[in-house]
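Take a look at the structure set out below.
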Amino acid sequence: MKKNKYFFVVLILLLCALFRCGYEYFVVSSCYDLGQVWDEKNKRCRSDCLTISKINGCIRMTKAQTDSYKKTKEISDEMWHEICLNNDLPEKIEGGYCDVDFSLDNCEKLDENIWYIPKRCKPFRM
């Protein structure tokens with residue numbers, strides 16, 4: 001009788017663990033299916049972030065940018081430039097590439113002939 005009791009306790013714990021993992025997987029995949037990003041830190045689906053960077057967190061978009069992205073699923077060069085400026089990130093002068101994983105350690109390495117230098121790098125670049 002005791003073996004059955006332990007078996008049911010282990011079974012219930014296993015089912016709870018599977019439900020929790022399955023639920024989170026379902027929520028995260030549903031978020032991506034809706035064209036949004038999953039904020040692991042805050043455990044929520046976000047439409048105001050273009051992406052979530054490990055270094056800089058949410059790369060925010062304005063309401064107008066979010067609405068435009070929802071409609072077209074595209075980011076124009078002008079919008080990339082605005083997103084980089086709003087998030088104080090370096091952007092390549094040619095090509096409009098925005099470095100979302102930028103860290104302050106790299107401020108001195110940025111060449112102003114290649115990159116728009118973010119404001120937060122000004123104290124490091126004398």
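The chains in the structure tokens are called A, B, ... from first to last as shown; in each chain the residues are counted from 1, and the ligands are counted from 1 in the order shown.
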Who sits within 12 Å of A:Ser76, only C-alpha atoms, same chain under 5 positions skipped, as a ChimeraX atom specification:
/A:65,68-69,81-83,95-97
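Here the strand (DSSP E or B) residues in chain A, by DSSP on the backbone, are Val37, Trp38, Asp39, Arg44, Cys45, Arg46, Cys49, Leu50, Thr51, Ile52, Ser53, Gly57, Cys58, Ile59, Arg60, Glu91, Lys92, Cys98, Trp115 and Tyr116 of chain A.
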Enumerate the residues of chain A with a DSSP assignment of alpha helix (DSSP H), computed from the backbone, and present them as a PyMOL selection string.
chain A and resi 2-33+63-72+77-86
Hey, what's within 7 Å of A:Arg46 if we count only C-alpha atoms and toss same-chain stuff fewer than 5 positions away? As JSON, numbers by chain, please?
{"A": [36, 37, 38, 39]}
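Closest approach to A:Cys49 among A:Thr62, A:Cys98, A:Leu34, A:Arg125 is made by A:Thr62 (distances from only C-alpha atoms).
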Near stretch 104-112 of chain A, within 10 Å and counting only C-alpha atoms, which residues show up once chain neighbours fewer than 5 positions away are dropped, as an MDAnalysis selection string?
chainID A and resid 55 89:90 92:93 117:118 120:126
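Ranking A:Met79, A:Ile114, A:Leu50, A:Cys45 by their shortest atom-to-atom distance to A:Val27, with only C-alpha atoms included, puts A:Cys45 first.
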Polymer residues at most 8 Å from A:Asp101, only C-alpha atoms, same-chain spacing of 2 or more positions, as a VMD selection string:
chain A and resid 53 to 56 99 103
Mind giving me the straight-line distance from atom CA of A:Ser29 to atom CA of A:Lys41 in Å, one decimal?
16.2 Å
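Nearest to A:Asp77 of all the residues A:Lys63, A:Asn42, A:Phe102, A:Glu94 is A:Glu94, counting only C-alpha atoms.
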Pairwise distance for atom CA of A:Thr51 and atom CA of A:Glu24, rounded to one decimal in Å:
19.1 Å
Between atom CA of A:Ala64 and atom CA of A:Phe26, what distance in Å does the model show, to one decimal?
28.9 Å
